[in-house]
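Below is the file target.pdb, which contains PDB, C-alpha atoms.
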ATOM      1  CA  MET Q  19     -17.425  26.774 -12.259
ATOM      2  CA  GLU Q  20     -18.834  25.224 -15.422
ATOM      3  CA  LEU Q  21     -17.838  21.883 -16.923
ATOM      4  CA  SER Q  22     -16.796  23.728 -20.085
ATOM      5  CA  ASP Q  23     -14.062  25.353 -17.925
ATOM      6  CA  ILE Q  24     -12.717  21.889 -17.078
ATOM      7  CA  ILE Q  25     -13.123  19.858 -20.258
ATOM      8  CA  GLY Q  26     -13.081  20.320 -24.019
ATOM      9  CA  VAL Q  27     -14.546  18.127 -26.733
ATOM     10  CA  ASP Q  28     -11.040  16.761 -27.366
ATOM     11  CA  ALA Q  29     -11.073  15.349 -23.819
ATOM     12  CA  VAL Q  30     -14.093  13.093 -24.462
ATOM     13  CA  ARG Q  31     -13.627   9.465 -25.527
ATOM     14  CA  ALA Q  32     -16.443   7.180 -26.595
ATOM     15  CA  PRO Q  33     -16.528   4.301 -26.812
ATOM     16  CA  LEU Q  34     -13.612   3.442 -24.571
ATOM     17  CA  LYS Q  35     -12.941  -0.304 -24.604
ATOM     18  CA  ALA Q  36     -11.422  -0.786 -21.147
ATOM     19  CA  THR Q  37     -11.982  -4.247 -19.690
ATOM     20  CA  SER Q  38     -10.928  -3.607 -16.082
ATOM     21  CA  LYS Q  39     -10.481  -0.792 -13.577
ATOM     22  CA  LYS Q  40      -6.704  -0.944 -13.980
ATOM     23  CA  ARG Q  41      -6.962  -0.786 -17.783
ATOM     24  CA  LEU Q  42      -9.438   2.077 -17.521
ATOM     25  CA  LEU Q  43      -7.051   4.102 -15.344
ATOM     26  CA  GLN Q  44      -4.214   3.351 -17.785
ATOM     27  CA  ASP Q  45      -6.399   4.542 -20.680
ATOM     28  CA  LEU Q  46      -7.275   7.736 -18.782
ATOM     29  CA  ALA Q  47      -3.564   8.358 -18.130
ATOM     30  CA  GLU Q  48      -2.816   7.942 -21.839
ATOM     31  CA  MET Q  49      -5.681  10.320 -22.674
ATOM     32  CA  ALA Q  50      -4.238  12.888 -20.240
ATOM     33  CA  GLU Q  51      -0.910  12.653 -22.025
ATOM     34  CA  THR Q  52      -2.499  13.042 -25.470
ATOM     35  CA  VAL Q  53      -4.906  15.852 -24.559
ATOM     36  CA  TYR Q  54      -2.961  17.790 -21.922
ATOM     37  CA  GLY Q  55       0.661  16.696 -22.367
ATOM     38  CA  LEU Q  56       0.819  15.190 -18.874
ATOM     39  CA  PRO Q  57       3.153  12.210 -18.393
ATOM     40  CA  ALA Q  58       0.961   9.097 -18.542
ATOM     41  CA  ALA Q  59       3.042   7.227 -15.947
ATOM     42  CA  THR Q  60       2.656  10.054 -13.413
ATOM     43  CA  VAL Q  61      -1.080  10.350 -14.046
ATOM     44  CA  TYR Q  62      -1.586   6.596 -13.712
ATOM     45  CA  LYS Q  63       0.441   6.449 -10.486
ATOM     46  CA  SER Q  64      -1.520   9.385  -9.018
ATOM     47  CA  LEU Q  65      -4.873   7.835  -9.926
ATOM     48  CA  MET Q  66      -3.868   4.466  -8.461
ATOM     49  CA  GLU Q  67      -2.660   6.120  -5.247
ATOM     50  CA  ARG Q  68      -5.977   7.965  -4.927
ATOM     51  CA  GLU Q  69      -7.939   4.745  -5.523
ATOM     52  CA  GLY Q  70      -5.888   3.178  -2.723
ATOM     53  CA  LEU Q  71      -7.508   5.656  -0.323
ATOM     54  CA  GLY Q  72     -10.953   4.460  -1.387
ATOM     55  CA  PRO Q  73     -12.708   3.770  -4.671
ATOM     56  CA  THR Q  74     -14.000   6.775  -6.599
ATOM     57  CA  GLY Q  75     -16.971   4.874  -8.029
ATOM     58  CA  VAL Q  76     -19.840   6.994  -6.722
ATOM     59  CA  GLY Q  77     -22.700   4.689  -7.708
ATOM     60  CA  ARG Q  78     -25.260   4.235 -10.486
ATOM     61  CA  GLY Q  79     -22.565   3.409 -13.045
ATOM     62  CA  VAL Q  80     -20.516   6.573 -12.449
ATOM     63  CA  ALA Q  81     -16.902   7.013 -11.349
ATOM     64  CA  ILE Q  82     -15.019  10.255 -10.694
ATOM     65  CA  PRO Q  83     -11.349   9.315 -10.356
ATOM     66  CA  HIS Q  84      -9.268  12.328  -9.390
ATOM     67  CA  ALA Q  85      -5.760  13.271  -8.374
ATOM     68  CA  ARG Q  86      -3.559  16.255  -7.634
ATOM     69  CA  PHE Q  87      -0.049  16.577  -8.967
ATOM     70  CA  GLU Q  88       2.608  18.906 -10.312
ATOM     71  CA  GLY Q  89       2.426  19.971 -13.925
ATOM     72  CA  VAL Q  90      -1.201  21.081 -13.775
ATOM     73  CA  ASN Q  91      -1.938  24.791 -13.348
ATOM     74  CA  ARG Q  92      -5.756  24.549 -13.169
ATOM     75  CA  VAL Q  93      -8.387  21.843 -12.738
ATOM     76  CA  ILE Q  94      -8.771  19.872 -15.964
ATOM     77  CA  GLY Q  95     -10.774  16.798 -16.846
ATOM     78  CA  LEU Q  96     -11.445  13.875 -19.135
ATOM     79  CA  PHE Q  97     -14.682  12.037 -19.815
ATOM     80  CA  ALA Q  98     -15.040   8.464 -21.027
ATOM     81  CA  ARG Q  99     -18.159   6.537 -22.004
ATOM     82  CA  LEU Q 100     -17.208   2.874 -21.767
ATOM     83  CA  GLU Q 101     -18.246   0.401 -24.423
ATOM     84  CA  LYS Q 102     -19.034  -2.119 -21.671
ATOM     85  CA  PRO Q 103     -19.294  -1.422 -17.926
ATOM     86  CA  VAL Q 104     -16.370  -2.518 -15.736
ATOM     87  CA  ASP Q 105     -16.153  -3.318 -12.032
ATOM     88  CA  PHE Q 106     -14.861  -0.216 -10.252
ATOM     89  CA  GLU Q 107     -15.457  -1.303  -6.648
ATOM     90  CA  SER Q 108     -18.212   1.338  -6.490
ATOM     91  CA  ILE Q 109     -20.115   2.046  -3.296
ATOM     92  CA  ASP Q 110     -23.253   0.390  -4.741
ATOM     93  CA  ARG Q 111     -21.249  -2.496  -6.262
ATOM     94  CA  GLN Q 112     -22.596  -1.629  -9.732
ATOM     95  CA  PRO Q 113     -20.206  -1.624 -12.705
ATOM     96  CA  VAL Q 114     -19.165   1.730 -14.166
ATOM     97  CA  ASP Q 115     -19.708   2.986 -17.708
ATOM     98  CA  LEU Q 116     -19.494   6.786 -17.234
ATOM     99  CA  VAL Q 117     -16.172   8.156 -16.017
ATOM    100  CA  PHE Q 118     -15.199  11.773 -15.411
ATOM    101  CA  ALA Q 119     -11.554  12.097 -14.355
ATOM    102  CA  LEU Q 120     -10.306  15.284 -12.712
ATOM    103  CA  PHE Q 121      -6.717  16.487 -12.358
ATOM    104  CA  ALA Q 122      -5.834  19.416 -10.127
ATOM    105  CA  PRO Q 123      -2.700  21.284  -9.092
ATOM    106  CA  GLU Q 124      -1.066  20.159  -5.843
ATOM    107  CA  SER Q 125      -2.082  23.448  -4.227
ATOM    108  CA  ALA Q 126      -5.698  23.459  -5.444
ATOM    109  CA  GLY Q 127      -8.053  23.438  -2.487
ATOM    110  CA  ALA Q 128     -11.417  25.058  -3.068
ATOM    111  CA  GLU Q 129     -11.093  24.931  -6.858
ATOM    112  CA  HIS Q 130     -10.633  21.149  -6.800
ATOM    113  CA  LEU Q 131     -13.611  20.712  -4.449
ATOM    114  CA  LYS Q 132     -15.819  22.978  -6.601
ATOM    115  CA  ALA Q 133     -14.938  20.936  -9.681
ATOM    116  CA  LEU Q 134     -15.715  17.659  -7.880
ATOM    117  CA  ALA Q 135     -19.030  19.085  -6.710
ATOM    118  CA  ARG Q 136     -19.974  20.287 -10.209
ATOM    119  CA  VAL Q 137     -19.155  16.936 -11.809
ATOM    120  CA  SER Q 138     -20.962  15.057  -9.053
ATOM    121  CA  ARG Q 139     -24.096  17.210  -9.358
ATOM    122  CA  THR Q 140     -24.158  16.782 -13.123
ATOM    123  CA  LEU Q 141     -23.703  13.009 -13.023
ATOM    124  CA  ARG Q 142     -26.289  12.547 -10.248
ATOM    125  CA  ASN Q 143     -28.909  13.777 -12.703
ATOM    126  CA  GLU Q 144     -30.559  10.620 -14.077
ATOM    127  CA  ALA Q 145     -31.739  12.395 -17.247
ATOM    128  CA  VAL Q 146     -28.203  13.577 -18.022
ATOM    129  CA  CYS Q 147     -26.798  10.069 -17.467
ATOM    130  CA  ALA Q 148     -29.505   8.549 -19.687
ATOM    131  CA  LYS Q 149     -28.572  10.981 -22.463
ATOM    132  CA  LEU Q 150     -24.865  10.218 -22.009
ATOM    133  CA  ARG Q 151     -25.607   6.498 -22.253
ATOM    134  CA  SER Q 152     -27.635   6.976 -25.435
ATOM    135  CA  THR Q 153     -24.652   7.956 -27.601
ATOM    136  CA  PHE Q 154     -21.034   7.199 -28.361
ATOM    137  CA  ASP Q 155     -20.567  10.495 -30.267
ATOM    138  CA  PRO Q 156     -17.929  12.586 -28.416
ATOM    139  CA  SER Q 157     -19.386  15.889 -29.670
ATOM    140  CA  ALA Q 158     -22.870  14.939 -28.482
ATOM    141  CA  ILE Q 159     -21.481  13.818 -25.117
ATOM    142  CA  PHE Q 160     -19.616  17.113 -24.736
ATOM    143  CA  ALA Q 161     -22.812  19.027 -25.543
ATOM    144  CA  ILE Q 162     -24.775  17.010 -22.954
ATOM    145  CA  LEU Q 163     -22.102  17.579 -20.289
ATOM    146  CA  THR Q 164     -21.848  21.314 -20.905
ATOM    147  CA  ASP Q 165     -25.560  22.067 -21.279
ATOM    148  CA  GLY Q 166     -26.191  24.620 -18.526
ATOM    149  CA  LYS Q 167     -29.862  23.702 -18.263
ATOM    150  CA  ALA Q 168     -29.057  20.037 -17.612
ATOM    151  CA  GLU Q 169     -26.490  20.979 -14.936
ATOM    152  CA  GLN Q 170     -28.910  23.308 -13.163
ATOM    153  CA  ALA Q 171     -31.626  20.630 -13.108
ATOM    154  CA  ALA Q 172     -29.282  18.274 -11.260
TER     155      ALA Q 172
END
Write out the structure in this file as structure tokens.
Amino acid sequence: MELSDIIGVDAVRAPLKATSKKRLLQDLAEMAETVYGLPAATVYKSLMEREGLGPTGVGRGVAIPHARFEGVNRVIGLFARLEKPVDFESIDRQPVDLVFALFAPESAGAEHLKALARVSRTLRNEAVCAKLRSTFDPSAIFAILTDGKAEQAA
């Protein structure tokens, strides 16, 4: 699974001006509605419920909020580069400025896990994160995320 299978350039927002975790999740829900036609209220509720199980801030300024729900027929994603980092209750207690949200069908098992693994591997790569943090251009961010060489180096 490649990130280009999950996300398109239209699903990248930078800079996103969220000022809190709650606002960030609301903004992601609104993006999901705009890009994929998903109901923002449902997306927001699903993301909040998932965060209630444990924060999805994975450390080093990265969060991977994710949820499963009806209305999605394959794993899809959104990426946001925040204007200013926000507290996301991450495992390392560092604020988050790179966010890759994933949405999967209720029945997605292995596909959802493969997508999470791919995103995680990509965003664990310090060089990739440095490049992502060097720009607010959505097209450049999309190119960085979908560069096969960068993903394989992770």
request  = Report the distance between CA of Leu21 (chain Q) and CA of Thr37 (chain Q) in Å, rounded to one decimal place.
outcome  =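 Value for the CA of Leu21 (chain Q)-CA of Thr37 (chain Q) distance: 26.9 Å.
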inquiry  = Can you measure CA of Ala29 (chain Q) to CA of Leu96 (chain Q) for me? One decimal in Å is fine.
reply    = 4.9 Å
task = Run through the PyMOL selection byres ((chain Q and resi 75-89) around 6) on the given coordinates and return the selected residues as a ChimeraX atom specification.
result = /Q:64-65,73-74,90,106,108-110,113-124
task = Go through Q:Ala161, Q:Ala98, Q:Ile24, Q:Leu131 one by one, measure the shortest atom-to-atom distance of each to Asp45 (chain Q) using only C-alpha atoms, and give the residue with the smallest value.
result =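 Using only C-alpha atoms, Asp45 (chain Q) sits closest to Q:Ala98.
If you count only C-alpha atoms and ignore residues fewer than 2 places along the chain from Phe160 (chain Q), what sits within 8 Å of it is Gly26, Val27, Val30, Pro156, Ser157, Ala158, Ile162, Leu163 and Thr164 of chain Q.
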Could those selected residues go to a file with C-alpha atoms, as an mmCIF file, in the frame of the given file?
data_model
loop_
_atom_site.group_PDB
_atom_site.id
_atom_site.type_symbol
_atom_site.label_atom_id
_atom_site.label_comp_id
_atom_site.auth_asym_id
_atom_site.auth_seq_id
_atom_site.Cartn_x
_atom_site.Cartn_y
_atom_site.Cartn_z
ATOM 1 C CA GLY Q 26 -13.081 20.320 -24.019
ATOM 2 C CA VAL Q 27 -14.546 18.127 -26.733
ATOM 3 C CA VAL Q 30 -14.093 13.093 -24.462
ATOM 4 C CA PRO Q 156 -17.929 12.586 -28.416
ATOM 5 C CA SER Q 157 -19.386 15.889 -29.670
ATOM 6 C CA ALA Q 158 -22.870 14.939 -28.482
ATOM 7 C CA ILE Q 162 -24.775 17.010 -22.954
ATOM 8 C CA LEU Q 163 -22.102 17.579 -20.289
ATOM 9 C CA THR Q 164 -21.848 21.314 -20.905
#
key: CA of Arg136 (chain Q) to CA of Glu20 (chain Q), straight-line distance in Å   = 7.3 Å
ask   = Quick one: of Q:Ala32, Q:Leu71, Q:Leu100, Q:Met19, who's nearest to Ile159 (chain Q), counting all atoms listed in the file?
value = Q:Ala32
key: Residue IDs satisfying the PyMOL selection byres ((chain Q and resi 151) around 10), as a PyMOL selection string   = chain Q and resi 99-101+115-116+145-150+152-154+159
query = For Ala126 (chain Q), which residue among Q:Ile94, Q:Asp155, Q:Val104, Q:Glu144 is the nearest when counting all atoms listed in the file?
reply =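 Checking each of Q:Ile94, Q:Asp155, Q:Val104, Q:Glu144 against Ala126 (chain Q), counting all atoms listed in the file, the winner is Q:Ile94.
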request  = Identify the residues within 8 Å of coordinate (-5.5, 16.0, -21.8) (same frame as the file), considering all atoms listed in the file, and give the answer as a PyMOL selection string.
outcome  = chain Q and resi 28-29+49-56+94-96
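Each of Q:Ser138, Q:Gln112, Q:Gln44, Q:Asn91 was checked against Val61 (chain Q) using all atoms listed in the file; the smallest atom-to-atom distance is that of Q:Gln44.
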Please determine an axis-aligned box that encloses all atoms of region 150-158 of chain Q listed in the file, with 8 Å added on each side, and express its centre and edge lengths in Å to one decimal as lines of an AutoDock Vina configuration file.
center_x = -22.8
center_y = 11.2
center_z = -26.1
size_x = 25.7
size_y = 25.4
size_z = 24.3
ask   = Using all atoms listed in the file, which residue out of Q:Ala36, Q:Ile25, Q:Leu46, Q:Arg111 lies closest to Ala59 (chain Q)?
value =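 Under the stated criterion, the closest residue is Q:Leu46.
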